[in-house]
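Q: Sending over start01.cif (mmCIF, C-alpha atoms and all ligand atoms).
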data_structure
loop_
_atom_site.label_atom_id
_atom_site.label_comp_id
_atom_site.auth_asym_id
_atom_site.auth_seq_id
_atom_site.Cartn_x
_atom_site.Cartn_y
_atom_site.Cartn_z
CA MET G 26 -48.80 6.42 -21.62
CA SER G 27 -46.39 6.82 -24.50
CA GLY G 28 -44.54 10.01 -25.40
CA ASP G 29 -45.77 9.96 -29.01
CA PRO G 30 -48.73 11.98 -30.14
CA ALA G 31 -50.54 9.24 -28.35
CA SER G 32 -54.09 8.09 -28.22
CA GLU G 33 -55.57 6.32 -25.30
CA ALA G 34 -59.14 5.58 -24.41
CA VAL G 35 -60.82 5.54 -21.06
CA GLU G 36 -64.41 4.28 -21.10
CA VAL G 37 -66.68 7.25 -21.82
CA GLY G 38 -69.73 6.50 -19.61
CA ALA G 39 -71.63 3.40 -20.67
CA PRO G 40 -74.29 4.38 -23.27
CA GLU G 41 -77.22 3.48 -21.01
CA HIS G 42 -75.92 5.89 -18.34
CA ARG G 43 -75.42 8.86 -20.65
CA SER G 44 -77.66 11.88 -20.10
CA ALA G 45 -79.57 13.44 -23.02
CA ARG G 46 -77.11 16.37 -22.94
CA LYS G 47 -74.11 14.02 -23.21
CA ARG G 48 -75.67 11.99 -26.01
CA HIS G 49 -76.38 15.21 -27.89
CA ALA G 50 -72.80 16.48 -27.42
CA LEU G 51 -71.32 13.19 -28.60
CA ALA G 52 -73.56 13.16 -31.69
CA LEU G 53 -73.02 16.86 -32.43
CA PHE G 54 -69.23 16.64 -32.64
CA ARG G 55 -69.16 13.37 -34.57
CA GLY G 56 -69.59 15.13 -37.91
CA LEU G 57 -67.52 18.28 -37.29
CA PRO G 58 -63.79 17.50 -37.12
CA ARG G 59 -62.94 17.69 -40.84
CA ARG G 60 -63.61 21.40 -41.32
CA TYR G 61 -63.73 22.44 -37.66
CA ASP G 62 -60.61 24.65 -37.53
CA LEU G 63 -61.50 26.68 -40.60
CA LEU G 64 -65.19 27.05 -39.81
CA ALA G 65 -64.72 27.92 -36.13
CA ALA G 66 -62.54 30.82 -37.30
CA ALA G 67 -64.76 31.84 -40.24
CA LEU G 68 -68.09 31.75 -38.41
CA SER G 69 -66.67 33.88 -35.58
CA PHE G 70 -65.25 36.40 -38.10
CA GLY G 71 -61.70 35.46 -37.11
CA GLN G 72 -62.21 36.13 -33.38
CA ASP G 73 -62.07 32.56 -32.09
CA PRO G 74 -58.33 31.98 -32.90
CA ARG G 75 -57.57 35.29 -31.18
CA TRP G 76 -59.38 34.16 -28.03
CA ARG G 77 -57.53 30.84 -27.99
CA ARG G 78 -54.18 32.59 -28.32
CA ALA G 79 -55.05 34.89 -25.40
CA LEU G 80 -56.10 31.86 -23.36
CA ALA G 81 -52.83 30.01 -23.94
CA ARG G 82 -50.74 33.13 -23.24
CA GLY G 83 -52.74 33.95 -20.13
CA VAL G 84 -52.16 30.57 -18.52
CA ARG G 85 -48.38 31.14 -18.89
CA PRO G 86 -47.17 27.58 -19.53
CA ALA G 87 -43.52 27.36 -18.48
CA SER G 88 -40.81 25.07 -19.71
CA GLY G 89 -41.03 21.64 -18.11
CA GLU G 90 -44.61 22.12 -16.91
CA ARG G 91 -47.38 19.60 -17.52
CA VAL G 92 -50.61 21.16 -18.81
CA LEU G 93 -54.00 19.47 -19.18
CA ASP G 94 -56.23 20.72 -22.00
CA VAL G 95 -59.78 19.54 -21.33
CA ALA G 96 -62.24 19.30 -24.26
CA THR G 97 -59.24 19.60 -26.52
CA GLY G 98 -61.29 18.82 -29.63
CA THR G 99 -59.07 19.03 -32.70
CA GLY G 100 -56.17 20.22 -30.51
CA LEU G 101 -56.18 23.94 -31.33
CA VAL G 102 -55.59 25.07 -27.74
CA ALA G 103 -53.07 22.27 -27.14
CA ALA G 104 -51.12 23.50 -30.19
CA GLU G 105 -51.21 27.09 -28.89
CA LEU G 106 -49.92 25.90 -25.50
CA LEU G 107 -46.99 24.16 -27.18
CA GLU G 108 -46.19 27.38 -29.05
CA GLN G 109 -45.90 29.23 -25.73
CA GLY G 110 -43.00 27.32 -24.22
CA GLY G 111 -41.49 23.95 -23.51
CA CYS G 112 -44.44 22.50 -21.62
CA THR G 113 -45.91 19.07 -22.27
CA VAL G 114 -49.62 18.82 -22.93
CA VAL G 115 -52.18 16.15 -22.21
CA GLY G 116 -55.36 16.67 -24.24
CA ILE G 117 -58.58 14.93 -23.30
CA ASP G 118 -61.92 14.85 -25.06
CA GLN G 119 -64.93 12.56 -24.95
CA SER G 120 -65.31 12.57 -28.74
CA ALA G 121 -63.26 9.93 -30.55
CA GLU G 122 -63.84 11.79 -33.83
CA MET G 123 -62.56 15.16 -32.58
CA LEU G 124 -59.55 13.44 -31.00
CA GLY G 125 -58.87 11.75 -34.36
CA ALA G 126 -58.40 15.21 -35.90
CA ALA G 127 -56.12 16.24 -33.01
CA ARG G 128 -54.07 13.10 -33.53
CA ALA G 129 -53.65 13.91 -37.23
CA ARG G 130 -52.59 17.49 -36.38
CA PHE G 131 -49.83 16.38 -33.98
CA ALA G 132 -48.68 13.57 -36.26
CA ARG G 133 -48.15 16.19 -39.01
CA ARG G 134 -46.24 18.41 -36.57
CA ALA G 135 -44.04 15.48 -35.51
CA VAL G 136 -43.17 14.79 -39.17
CA SER G 137 -42.35 18.44 -39.91
CA ASN G 138 -40.16 18.66 -36.79
CA ARG G 139 -38.25 15.45 -37.45
CA GLY G 140 -34.52 16.06 -37.75
CA ASP G 141 -34.85 19.54 -36.28
CA ARG G 142 -33.87 18.82 -32.71
CA ALA G 143 -33.59 22.46 -31.64
CA SER G 144 -37.23 23.22 -32.38
CA ARG G 145 -38.55 19.78 -31.59
CA THR G 146 -42.12 20.05 -30.36
CA PRO G 147 -42.64 18.61 -26.90
CA PRO G 148 -44.90 15.59 -26.73
CA VAL G 149 -48.66 15.64 -26.62
CA GLN G 150 -50.75 12.86 -25.20
CA LEU G 151 -54.34 12.51 -26.32
CA ILE G 152 -56.79 10.60 -24.19
CA GLN G 153 -60.47 9.90 -24.71
CA ALA G 154 -62.05 10.77 -21.37
CA GLU G 155 -64.71 12.89 -19.73
CA ALA G 156 -64.23 16.19 -17.93
CA GLU G 157 -66.65 15.01 -15.23
CA LYS G 158 -64.42 12.04 -14.35
CA LEU G 159 -60.80 12.73 -15.15
CA PRO G 160 -58.50 9.70 -15.16
CA PHE G 161 -55.74 11.47 -13.21
CA ALA G 162 -54.59 11.61 -9.60
CA ASP G 163 -55.13 14.73 -7.49
CA GLY G 164 -52.70 17.56 -8.25
CA SER G 165 -51.30 15.98 -11.43
CA PHE G 166 -50.98 19.17 -13.49
CA ASP G 167 -49.23 22.54 -13.23
CA ALA G 168 -51.88 24.23 -15.35
CA LEU G 169 -55.21 23.42 -16.97
CA THR G 170 -57.19 24.92 -19.84
CA PHE G 171 -60.71 24.20 -21.03
CA THR G 172 -62.68 25.63 -23.91
CA TYR G 173 -66.41 25.64 -24.72
CA LEU G 174 -66.99 22.87 -22.17
CA LEU G 175 -69.44 23.87 -19.44
CA ARG G 176 -72.43 24.19 -21.80
CA TYR G 177 -72.09 20.47 -22.51
CA VAL G 178 -72.00 19.13 -18.95
CA ASP G 179 -74.99 18.42 -16.70
CA ASP G 180 -73.45 19.93 -13.58
CA PRO G 181 -70.97 22.77 -14.25
CA ARG G 182 -70.37 23.26 -10.52
CA ALA G 183 -69.33 19.63 -9.98
CA THR G 184 -67.23 19.72 -13.15
CA MET G 185 -65.33 22.73 -11.81
CA ARG G 186 -64.54 20.75 -8.66
CA GLU G 187 -63.26 17.84 -10.75
CA LEU G 188 -61.06 20.10 -12.92
CA THR G 189 -59.62 21.78 -9.83
CA ARG G 190 -58.91 18.41 -8.21
CA VAL G 191 -56.27 17.47 -10.81
CA LEU G 192 -54.51 20.85 -10.54
CA ARG G 193 -51.61 21.11 -8.10
CA PRO G 194 -51.96 23.70 -5.31
CA GLY G 195 -50.82 27.01 -6.81
CA GLY G 196 -51.45 25.71 -10.36
CA ARG G 197 -53.20 27.94 -12.94
CA ILE G 198 -56.48 27.34 -14.70
CA ALA G 199 -58.04 29.18 -17.66
CA SER G 200 -61.20 28.85 -19.70
CA LEU G 201 -62.72 30.21 -22.87
CA GLU G 202 -66.44 30.36 -23.61
CA PHE G 203 -68.71 32.33 -25.91
CA GLY G 204 -70.31 35.32 -24.26
CA ILE G 205 -73.31 37.54 -24.91
CA PRO G 206 -72.14 41.14 -25.42
CA PRO G 207 -73.36 43.35 -22.55
CA TRP G 208 -73.43 46.57 -24.66
CA ARG G 209 -76.95 46.84 -26.09
CA PRO G 210 -76.14 47.53 -29.80
CA ALA G 211 -73.52 44.74 -29.82
CA ARG G 212 -75.99 42.41 -28.08
CA ALA G 213 -78.65 43.17 -30.74
CA ALA G 214 -76.13 42.38 -33.50
CA TRP G 215 -75.13 39.15 -31.68
CA ARG G 216 -78.78 38.09 -31.38
CA ALA G 217 -79.45 38.79 -35.07
CA TYR G 218 -76.34 36.90 -36.13
CA THR G 219 -76.94 33.83 -33.95
CA ALA G 220 -80.68 33.73 -34.81
CA VAL G 221 -80.43 34.28 -38.57
CA GLY G 222 -76.94 34.68 -40.06
CA LEU G 223 -75.17 31.82 -38.34
CA PRO G 224 -77.84 29.16 -39.06
CA ILE G 225 -77.96 30.14 -42.74
CA LEU G 226 -74.19 30.33 -43.24
CA ALA G 227 -73.55 27.09 -41.34
CA ARG G 228 -76.30 25.26 -43.30
CA LEU G 229 -74.51 26.19 -46.53
CA VAL G 230 -71.53 24.12 -45.35
CA SER G 231 -73.30 20.88 -44.41
CA PRO G 232 -76.37 19.57 -42.57
CA GLN G 233 -74.21 18.84 -39.48
CA TRP G 234 -72.88 22.40 -39.43
CA GLY G 235 -76.43 23.60 -40.00
CA GLU G 236 -77.42 21.89 -36.77
CA VAL G 237 -74.56 23.60 -34.94
CA GLY G 238 -75.62 26.93 -36.42
CA ARG G 239 -79.19 26.52 -35.15
CA PHE G 240 -78.11 25.13 -31.78
CA LEU G 241 -75.43 27.60 -30.67
CA GLY G 242 -77.39 30.85 -30.13
CA PRO G 243 -80.23 29.32 -28.04
CA ASN G 244 -77.76 27.06 -26.21
CA ILE G 245 -75.53 29.97 -25.17
CA THR G 246 -78.55 32.06 -24.12
CA THR G 247 -80.08 29.26 -22.03
CA PHE G 248 -76.71 28.49 -20.46
CA TYR G 249 -76.24 32.05 -19.20
CA GLU G 250 -79.85 32.23 -17.97
CA ARG G 251 -79.07 29.25 -15.74
CA HIS G 252 -75.46 30.08 -15.03
CA PRO G 253 -74.71 33.82 -15.26
CA VAL G 254 -71.00 34.67 -15.33
CA GLU G 255 -71.10 35.76 -11.66
CA ARG G 256 -72.50 32.35 -10.68
CA ILE G 257 -69.86 30.55 -12.74
CA ALA G 258 -67.26 32.64 -10.89
CA ASP G 259 -68.80 31.32 -7.64
CA TYR G 260 -68.42 27.73 -8.89
CA TRP G 261 -64.74 28.46 -9.45
CA ARG G 262 -64.30 29.92 -5.95
CA GLU G 263 -66.25 27.12 -4.30
CA ALA G 264 -63.98 24.62 -6.06
CA GLY G 265 -60.97 26.21 -4.32
CA LEU G 266 -59.83 28.63 -7.03
CA GLN G 267 -58.66 32.14 -6.21
CA GLU G 268 -57.30 35.30 -7.85
CA LEU G 269 -60.14 35.03 -10.34
CA ARG G 270 -59.95 37.30 -13.37
CA VAL G 271 -62.61 37.65 -16.08
CA ARG G 272 -61.60 39.07 -19.45
CA ARG G 273 -64.21 39.88 -22.08
CA MET G 274 -62.92 40.06 -25.63
CA SER G 275 -64.54 41.20 -28.90
CA LEU G 276 -67.18 43.31 -27.10
CA GLY G 277 -67.98 40.34 -24.86
CA GLY G 278 -68.43 37.74 -27.62
CA GLY G 279 -65.65 35.74 -25.99
CA ILE G 280 -65.15 35.35 -22.23
CA LEU G 281 -61.86 34.21 -20.75
CA MET G 282 -61.51 33.33 -17.08
CA PHE G 283 -58.25 32.83 -15.21
CA ALA G 284 -57.52 31.72 -11.66
CA SER G 285 -55.13 29.64 -9.59
CA ARG G 286 -55.72 26.84 -7.15
CA ALA G 287 -55.46 27.88 -3.53
CA ARG G 288 -52.24 26.65 -1.93
CA GLU G 289 -53.96 25.70 1.29
CA GLN G 290 -57.62 24.90 1.58
CA SER G 291 -59.24 26.43 4.65
CA PRO G 292 -61.80 24.28 6.54
CA ALA G 293 -64.52 26.63 5.21
CA GLY G 294 -63.59 25.72 1.63
CA GLY G 295 -62.33 27.82 -1.26
CA ARG G 296 -64.43 30.87 -0.43
CA ALA G 297 -62.09 31.75 2.44
CA ASN G 298 -59.30 32.22 -0.08
CA ALA G 299 -61.34 33.86 -2.77
CA GLY G 300 -60.44 37.28 -4.09
CA ARG G 301 -63.11 39.29 -5.90
CA ALA G 302 -63.35 38.69 -9.62
CA HIS G 303 -62.34 41.69 -11.66
CA ALA G 304 -63.20 42.15 -15.26
CA GLY G 305 -61.47 43.57 -18.28
CA ASP G 306 -62.42 44.11 -21.91
CA ALA G 307 -60.44 43.81 -25.14
C1 LIG A 1 -66.56 23.43 -29.36
S1 LIG A 1 -65.47 22.08 -29.12
C2 LIG A 1 -64.00 22.93 -28.58
C3 LIG A 1 -62.75 22.19 -28.97
C4 LIG A 1 -61.45 22.94 -28.70
N1 LIG A 1 -61.19 23.11 -27.30
C5 LIG A 1 -61.38 24.26 -29.40
O1 LIG A 1 -60.92 25.22 -28.82
O2 LIG A 1 -61.73 24.34 -30.57
C6 LIG A 1 -66.05 21.38 -27.62
C7 LIG A 1 -65.39 20.06 -27.32
O3 LIG A 1 -65.79 19.65 -26.02
C8 LIG A 1 -65.88 18.25 -26.03
N2 LIG A 1 -66.66 17.87 -24.85
C9 LIG A 1 -67.95 18.20 -24.59
N3 LIG A 1 -68.32 17.71 -23.39
C10 LIG A 1 -67.24 17.05 -22.88
C11 LIG A 1 -67.01 16.34 -21.67
N4 LIG A 1 -67.96 16.21 -20.76
N5 LIG A 1 -65.81 15.77 -21.48
C12 LIG A 1 -64.83 15.90 -22.43
N6 LIG A 1 -64.99 16.56 -23.60
C13 LIG A 1 -66.19 17.14 -23.82
C14 LIG A 1 -66.52 17.93 -27.36
O4 LIG A 1 -66.35 16.59 -27.73
C15 LIG A 1 -65.78 18.93 -28.26
O5 LIG A 1 -64.63 18.37 -28.83
#
Give the structure from the file, written as structure tokens.
A:
Amino acid sequence: MSGDPASEAVEVGAPEHRSARKRHALALFRGLPRRYDLLAAALSFGQDPRWRRALARGVRPASGERVLDVATGTGLVAAELLEQGGCTVVGIDQSAEMLGAARARFARRAVSNRGDRASRTPPVQLIQAEAEKLPFADGSFDALTFTYLLRYVDDPRATMRELTRVLRPGGRIASLEFGIPPWRPARAAWRAYTAVGLPILARLVSPQWGEVGRFLGPNITTFYERHPVERIADYWREAGLQELRVRRMSLGGGILMFASRAREQSPAGGRANAGRAHAGDA
């Protein structure tokens, strides 16, 4: 791998072996990169950038550490991680189009930092790959972040095991996902927005965004019916993660989860090391 804002491709599952969910995810993100950053912020009323910042801060990337950002998309979380300290970041995503936007972002940063050695941005590597099958050896990273990923994979439990595999013992992991507000009035407003407001607003932008607008509300609802937050927390523990912390932001519209990989795996698996999840709100 090169130290430039690099692009590399690992075969993303042969087309004939892709599940319907994967095919849908690949098609969905094909048309989004151009206006993704602006619209992700606008359609979440400015909350989404706040959540990403909290995610990057919460994972505490230290100077010299190597951080993997899974489902990096256009590189927004990777950029936040670089802002936090002198870590290096590897960003992976299965979408060539989203990675193209990330590549453009970091190429622009490299140009603006040229000649300014003191504030030189540490390198980012961008790799086309799947979260379910990471092209890295066990324990390769000091920390790992992932955003809006588990709704797009067929087996969130197995994906958590794969993410944990590439984290070194003691390494930190953090995720961001949309949530459904638990407080009844906020939940009613969320339902109205995702059922009516979001589809209309997104359709005004483009047909592709219109599809995202229609898809997101039902997709989030179905996901949590199958995988409530407590069950997702179990997937994390079963994968060997401990010191689990759940933070709900914006009345629960955004859910951040933080944990660290157990230093020593007991024969009974991660559960032996698991602390209880505790929740906070912001
Ligand atoms: C909503 S975007 C989030 C992008 C970015 N992390 C952010 O904060 O804006 C979800 C990303 O997940 C990627 N993705 C979905 N399933 C994936 C998988 N199985 N492996 C790798 N990337 C995946 C999509 O291609 C897309 O770029």
Q: Can you work out which one of G:Leu226, G:Cys112, G:Ala104, G:Ile245 has the shortest atom-to-atom distance to Phe203 (chain G), counting only C-alpha atoms?
A: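 Under the stated criterion, the closest residue is G:Ile245.
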Q: Using all atoms listed in the file, find each protein or nucleic acid residue lying at most 7 Å from ligand LIG 1 (chain A); present the set as a VMD selection string.
A: chain G and resid 47 50 to 51 54 77 95 to 102 117 to 120 123 154 to 157 171 to 174 177 to 178
Q: Can those selected residues be exported to a file as a PDB file, in the frame of the given file so that it contains C-alpha atoms?
A:
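Below is the file part.pdb, written as the result:
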ATOM      1  CA  LYS G  47     -74.110  14.020 -23.210  1.00  0.00           C
ATOM      2  CA  ALA G  50     -72.800  16.480 -27.420  1.00  0.00           C
ATOM      3  CA  LEU G  51     -71.320  13.190 -28.600  1.00  0.00           C
ATOM      4  CA  PHE G  54     -69.230  16.640 -32.640  1.00  0.00           C
ATOM      5  CA  ARG G  77     -57.530  30.840 -27.990  1.00  0.00           C
ATOM      6  CA  VAL G  95     -59.780  19.540 -21.330  1.00  0.00           C
ATOM      7  CA  ALA G  96     -62.240  19.300 -24.260  1.00  0.00           C
ATOM      8  CA  THR G  97     -59.240  19.600 -26.520  1.00  0.00           C
ATOM      9  CA  GLY G  98     -61.290  18.820 -29.630  1.00  0.00           C
ATOM     10  CA  THR G  99     -59.070  19.030 -32.700  1.00  0.00           C
ATOM     11  CA  GLY G 100     -56.170  20.220 -30.510  1.00  0.00           C
ATOM     12  CA  LEU G 101     -56.180  23.940 -31.330  1.00  0.00           C
ATOM     13  CA  VAL G 102     -55.590  25.070 -27.740  1.00  0.00           C
ATOM     14  CA  ILE G 117     -58.580  14.930 -23.300  1.00  0.00           C
ATOM     15  CA  ASP G 118     -61.920  14.850 -25.060  1.00  0.00           C
ATOM     16  CA  GLN G 119     -64.930  12.560 -24.950  1.00  0.00           C
ATOM     17  CA  SER G 120     -65.310  12.570 -28.740  1.00  0.00           C
ATOM     18  CA  MET G 123     -62.560  15.160 -32.580  1.00  0.00           C
ATOM     19  CA  ALA G 154     -62.050  10.770 -21.370  1.00  0.00           C
ATOM     20  CA  GLU G 155     -64.710  12.890 -19.730  1.00  0.00           C
ATOM     21  CA  ALA G 156     -64.230  16.190 -17.930  1.00  0.00           C
ATOM     22  CA  GLU G 157     -66.650  15.010 -15.230  1.00  0.00           C
ATOM     23  CA  PHE G 171     -60.710  24.200 -21.030  1.00  0.00           C
ATOM     24  CA  THR G 172     -62.680  25.630 -23.910  1.00  0.00           C
ATOM     25  CA  TYR G 173     -66.410  25.640 -24.720  1.00  0.00           C
ATOM     26  CA  LEU G 174     -66.990  22.870 -22.170  1.00  0.00           C
ATOM     27  CA  TYR G 177     -72.090  20.470 -22.510  1.00  0.00           C
ATOM     28  CA  VAL G 178     -72.000  19.130 -18.950  1.00  0.00           C
TER      29      VAL G 178
END
Q: Using CA of Ser200 (chain G) and CA of Val237 (chain G) as the two end points, give the distance in Å to one decimal.
A: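 If I compute the distance from CA of Ser200 (chain G) to CA of Val237 (chain G), I get 20.9 Å.
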Q: Counting all atoms listed in the file, figure out which residue out of G:Gly56, G:Gly277, G:Pro40, G:Gly265 gets nearest to Trp234 (chain G).
A: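 For Trp234 (chain G), the nearest of the given residues is G:Gly56.
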Q: To one decimal in Å, tell me the separation between CA of Met274 (chain G) and CA of Ala66 (chain G).
A: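 So the answer is 14.9 Å.
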Q: Would you please work out which residue, of G:Leu151, G:Ala220, G:Ala162, G:Ala129, is nearest to Thr246 (chain G) when using all atoms listed in the file?
A: G:Ala220
Q: Can you work out the spacing between CA of Gly279 (chain G) and CA of Ile205 (chain G) in Å, to one decimal?
A: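 Taking CA of Gly279 (chain G) and CA of Ile205 (chain G), their separation equals 7.9 Å.
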Q: Report as a tab-separated table the residues of region 215-298 of chain G within 7 Å of region 187-196 of chain G, each with its shortest atom pair and distance in Å (one decimal), using only C-alpha atoms, ordered by chain and increasing residue number.
A:
residue	atom	partner	partner_atom	distance
G:Ala264	CA	G:Thr189	CA	6.4
G:Ser285	CA	G:Gly196	CA	5.4
G:Arg286	CA	G:Gly195	CA	4.9
G:Ala287	CA	G:Pro194	CA	5.7
G:Arg288	CA	G:Pro194	CA	4.5
Q: Which residue, G:Glu105, G:Asp94, G:Asp73, G:Glu236, has the smallest gap to Leu57 (chain G) when you use only C-alpha atoms?
A: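 Among the listed residues, the smallest separation from Leu57 (chain G) belongs to G:Glu236.
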Q: Of the candidates G:Tyr249, G:Gly125, G:Leu223, G:Gly235, which shows the shortest atom-to-atom distance to Ala67 (chain G), using only C-alpha atoms?
A: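 Using only C-alpha atoms, the shortest distance to Ala67 (chain G) belongs to G:Leu223.
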Q: I'd like to know which of G:Ala227, G:Ala132, G:Ala211, G:Val254 is closest to Leu241 (chain G), using only C-alpha atoms.
A: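 Closest to Leu241 (chain G) of all the choices is G:Ala227.
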